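Each remark here refers to the structure printed beneath this line.
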Amino acid sequence: MLLRALVEMEQLNPDGCVVLRAIRDDARTIVDFEFIFSNDVESMQRLQPGLVVGRRLSEAVPQAMSTGRFVVFCQVVETRRAVKGEVYYPEEDCWFRSTVMPFLDGIMVRFQDITTLVHDELKRKALLEKEHSSRVEAEELARQRAGQLEAAQQTLEQSRGLLVAGQLATGVGHEINNPLAFVTGNLHVALEQLGMWGREQGAPMAEPLRETLQALEEARKGAERIRAIVKDLRTLARSNETRVGPVDVLAALEFSLSMAMPHIRHRAQVVRRLAPVPRVLGSESKLGQVLLNLLINAAQAIPEGDATNHALTLVTRVEGTQVVVEVQDTGKGMSPEVMERIFEPFFTTKPAGEGTGLGLAISLEVIRGMGGELTVSSEPGRGSSFRLVLPSIDEVMAPIEVPVSTKAEVPQHKRVLIIDDEPSICSMMRRLLGRHHDVVVVQSGREALALLTVDDGFDRVFCDLMMADMSGMDLFAQLEQQNPECLSRFIFMTGGGFTERARAFLARETVANIPKPFEPARLRELVASAAPRRTGPGSG
């Protein structure tokens, strides 16, 4: 009756269920089991498709006798305690949870198909492992980025230091360049006059003057170095400007080379193969930054201490309507794998803390923004060559140019007006020009305006741009209304510290200018190039 009730109940159960009766020998030891019930559900058909009630376990499932399952069945019968477990059937790729319970003198085994649950759990674990792995990778990437950002921050701080220095040089440029102008000018006058006097006195005086002339020449070279440093710092201070205009590629290259020389001089000889090239349209400071980055990278690719056997070659040339600049080095070179990634942001082959991986990526964007392209060719052990191509522009630079006078030529006498509120500048220029020209000096823009109202007969007028009472720009504006014809003879002198108004003024095509400190020969050329106009005061 119990078995019949079981049959009626288990036929409706979706889980598999079998009942086995223990078969004992004469000593009451279990030697086998006999199937006395099995519900006909899908799971049982998958597990034991040939199962027949009345067959013994050893006949229907012979492997159960040798895999330990028989021992478990016997323990359940003897101890009357249920046993649970999970079984994987590889041939069916399915999982079952089995519960073996004591039933009369035998066992009842329930089978629950948990394949879907197991697969879901395996997927969950796989997702968790993947998530963990992704988190570990993300943390590692974050650490790398943190290191790169820290290195970038250090680089930024260094750049800020240069920028501050540049801004300082710009801010006090007028104060630096004015005294520097009369120092260099007066040194030139002293060298010129002492040299002339020594030649006139002959050999007895030449030898005692030699050391003095040498000292003055060294002082002049030192002043020139100061002038170059101030100019370079002012260029750096303009590095964040986005102003676009005609750019002198050779000038930008020479500036960048001067900044990079501390990195180059102990590693390689610099070879210049520079052909004249047209100007390009872009940002002078940003092009300078790109060239500086290429030069420093090239230097760092070359080992230190063997400069005589290594070269850093600079090439400029014209190809059709394009200007080509090449920076070549004889360093360690790059593999094809590195070259493929060399322009990727944050990619670097330098040790941690020595490179951000941003320099070349930014350089590429700058050059493309100027309508050009930046490419590289390299071979391990044979160096690298970066090739920068930019479209040229048709605009021709139009500085005031005059042929250089020979020693045999006698300068034509001219009238020169000097307008500057710095007395030492005025006296220095009078010394430089006064031997061959009639020089008139005024130290105020208002005084100059009053003079030119009654006497505009000057062949050349040198006017300081920034003056206290009336700036050169204001004087220019007044003369545009009163006497515009005389403005063609003006050369504005600039000592730096430009305002936006001053930059816009100097950008005008009708405004000629020279920077302080200026070369004495350049001043004399500008006077010599002026066409003679009038002979004296009031002649107009």
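The chains in the structure tokens are called A, B, ... from first to last as shown; in each chain the residues are counted from 1, and the ligands are counted from 1 in the order shown.
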
Hey, what's within 10 Å of A:Ser378 if we count only C-alpha atoms and toss same-chain stuff fewer than 3 positions away? As number ranges by chain, please?
A: 328-336, 338-339, 381-386

Would you output that residue set with C-alpha atoms, as a tab-separated table (two decimals), in the first residue's frame?
```tsv
chain	number	residue	atom	x	y	z
A	328	GLN	CA	68.07	63.53	-38.17
A	329	ASP	CA	70.07	61.77	-35.46
A	330	THR	CA	72.55	58.91	-35.29
A	331	GLY	CA	71.04	57.51	-32.09
A	332	LYS	CA	69.64	54.12	-31.13
A	333	GLY	CA	66.71	54.24	-33.55
A	334	MET	CA	63.31	52.59	-33.16
A	335	SER	CA	61.75	49.24	-33.95
A	336	PRO	CA	58.72	49.07	-36.32
A	338	VAL	CA	57.60	51.48	-31.54
A	339	MET	CA	57.27	53.61	-34.70
A	381	GLY	CA	70.88	51.06	-34.29
A	382	ARG	CA	70.93	53.52	-37.19
A	383	GLY	CA	69.12	56.55	-35.86
A	384	SER	CA	65.85	58.31	-36.67
A	385	SER	CA	64.68	61.06	-38.98
A	386	PHE	CA	61.63	63.22	-38.27
```

Can you list, as a PyMOL selection string, every protein, DNA or RNA residue that comes within 7 Å of A:Asp421 when you count only C-alpha atoms, leaving out same-chain residues fewer than 2 positions away?
chain A and resi 423+443-444+467

Apply DSSP to the structure's backbone, then extract all residues of stretch 243-492 of chain A labelled alpha helix (DSSP H) and return them as an NGL selection string.
:A and (249-264 or 284-300 or 336-341 or 359-369 or 423-433 or 445-454 or 472-482)

Please provide as a PyMOL selection string all residues within 7 Å of A:His310, with the sequence filter that same-chain residues fewer than 4 positions apart are discarded (counting only C-alpha atoms).
chain A and resi 267-269+306+330

Mind listing the strand (DSSP E or B) residues of stretch 441-484 of chain A, per DSSP on the backbone, as a list in words?
Val441, Val442, Arg460, Val461, Phe462, Cys463 and Asp464 of chain A

From the list A:Val87, A:Ala138, A:Ile302, A:Met470, the nearest residue to A:Val118 using only C-alpha atoms is A:Val87

Distance criterion (only C-alpha atoms): nearest to A:Gln482 out of A:Glu92, A:Thr348, A:Ala450, A:Glu379:
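Going through A:Glu92, A:Thr348, A:Ala450, A:Glu379 one by one, the smallest distance to A:Gln482 is for A:Ala450.
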
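Closest to A:Met261 among A:Leu523, A:Val277, A:Leu292, A:Ile425 is A:Leu292, based on only C-alpha atoms.
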
Give me, as a PDB file with N, CA and C atoms, in the first residue's frame, all polymer residues having an atom no more than 8 Å from A:Val527, counting only C-alpha atoms and skipping those fewer than 6 positions away in the same chain.
```pdb
ATOM      1  N   LYS A 414      73.541 112.875 -43.946  1.00  0.00           N
ATOM      2  CA  LYS A 414      72.091 112.877 -43.766  1.00  0.00           C
ATOM      3  C   LYS A 414      71.737 113.600 -42.468  1.00  0.00           C
ATOM      4  N   VAL A 416      69.424 113.241 -39.166  1.00  0.00           N
ATOM      5  CA  VAL A 416      68.809 112.158 -38.406  1.00  0.00           C
ATOM      6  C   VAL A 416      68.193 112.742 -37.139  1.00  0.00           C
ATOM      7  N   ASP A 459      66.053 113.065 -42.854  1.00  0.00           N
ATOM      8  CA  ASP A 459      66.093 111.926 -43.784  1.00  0.00           C
ATOM      9  C   ASP A 459      65.697 110.627 -43.089  1.00  0.00           C
ATOM     10  N   ARG A 460      65.988 110.533 -41.803  1.00  0.00           N
ATOM     11  CA  ARG A 460      65.621 109.331 -41.056  1.00  0.00           C
ATOM     12  C   ARG A 460      65.256 109.737 -39.631  1.00  0.00           C
TER      13      ARG A 460
END
```

Spatial neighbours of A:Val315, 6 Å, only C-alpha atoms, chain gap at least 6 places, as a list in words
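Here the qualifying residues turn out to be Arg273, Leu274, Val325 and Glu326 of chain A.
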
Could you save the residues just selected, with C-alpha atoms, as a PDB file, in the first residue's frame?
```
ATOM      1  CA  ARG A 273      72.137  71.789 -44.198  1.00  0.00           C
ATOM      2  CA  LEU A 274      69.838  74.768 -44.298  1.00  0.00           C
ATOM      3  CA  VAL A 325      62.348  70.460 -42.247  1.00  0.00           C
ATOM      4  CA  GLU A 326      64.184  67.294 -41.184  1.00  0.00           C
TER       5      GLU A 326
END
```

Which is closer to A:Val183 than all the others in A:Ser471, A:Thr116, A:Ser427, A:Gln481, using only C-alpha atoms?
A:Ser427

Among listed residues A:Arg524, A:Thr99, A:Ser58, A:Ile418, nearest A:Arg435 (using only C-alpha atoms)
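Comparing A:Arg524, A:Thr99, A:Ser58, A:Ile418 against A:Arg435, the winner is A:Arg524.
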
Which one is closest to A:Val83: A:Gly288, A:Pro484, A:Gly68, A:Pro102? Count only C-alpha atoms.
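Looking at the shortest contact to A:Val83, the residue is A:Pro102.
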
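Taking atom CA of A:Arg21 and atom CA of A:Tyr88 as the two end points, the separation is 24.9 Å.
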
Distance query A:Arg431 at most 9 Å, only C-alpha atoms, self and fewer than 6 positions along chain excluded, as JSON, numbers by chain
{"A": [185, 186, 189]}

How would the residues just chosen look if you wrote them out with N, CA, C and O atoms as a compact mmCIF listing (two decimals), in the first residue's frame?
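Written output follows (selection.txt):
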```txt
# COMPACT_ATOMS: atom_id res chain seq x y z
N GLY A 185 76.03 99.37 -27.78
CA GLY A 185 76.38 100.44 -28.71
C GLY A 185 77.66 101.15 -28.31
O GLY A 185 78.53 101.42 -29.15
N ASN A 186 77.77 101.47 -27.03
CA ASN A 186 78.98 102.16 -26.57
C ASN A 186 80.21 101.26 -26.65
O ASN A 186 81.32 101.75 -26.91
N VAL A 189 81.31 101.51 -30.15
CA VAL A 189 81.99 102.79 -30.41
C VAL A 189 83.40 102.76 -29.84
O VAL A 189 84.37 103.18 -30.48
```

Report the distance between atom CA of A:Phe476 and atom CA of A:Thr494 in Å, rounded to one decimal place.
14.4 Å
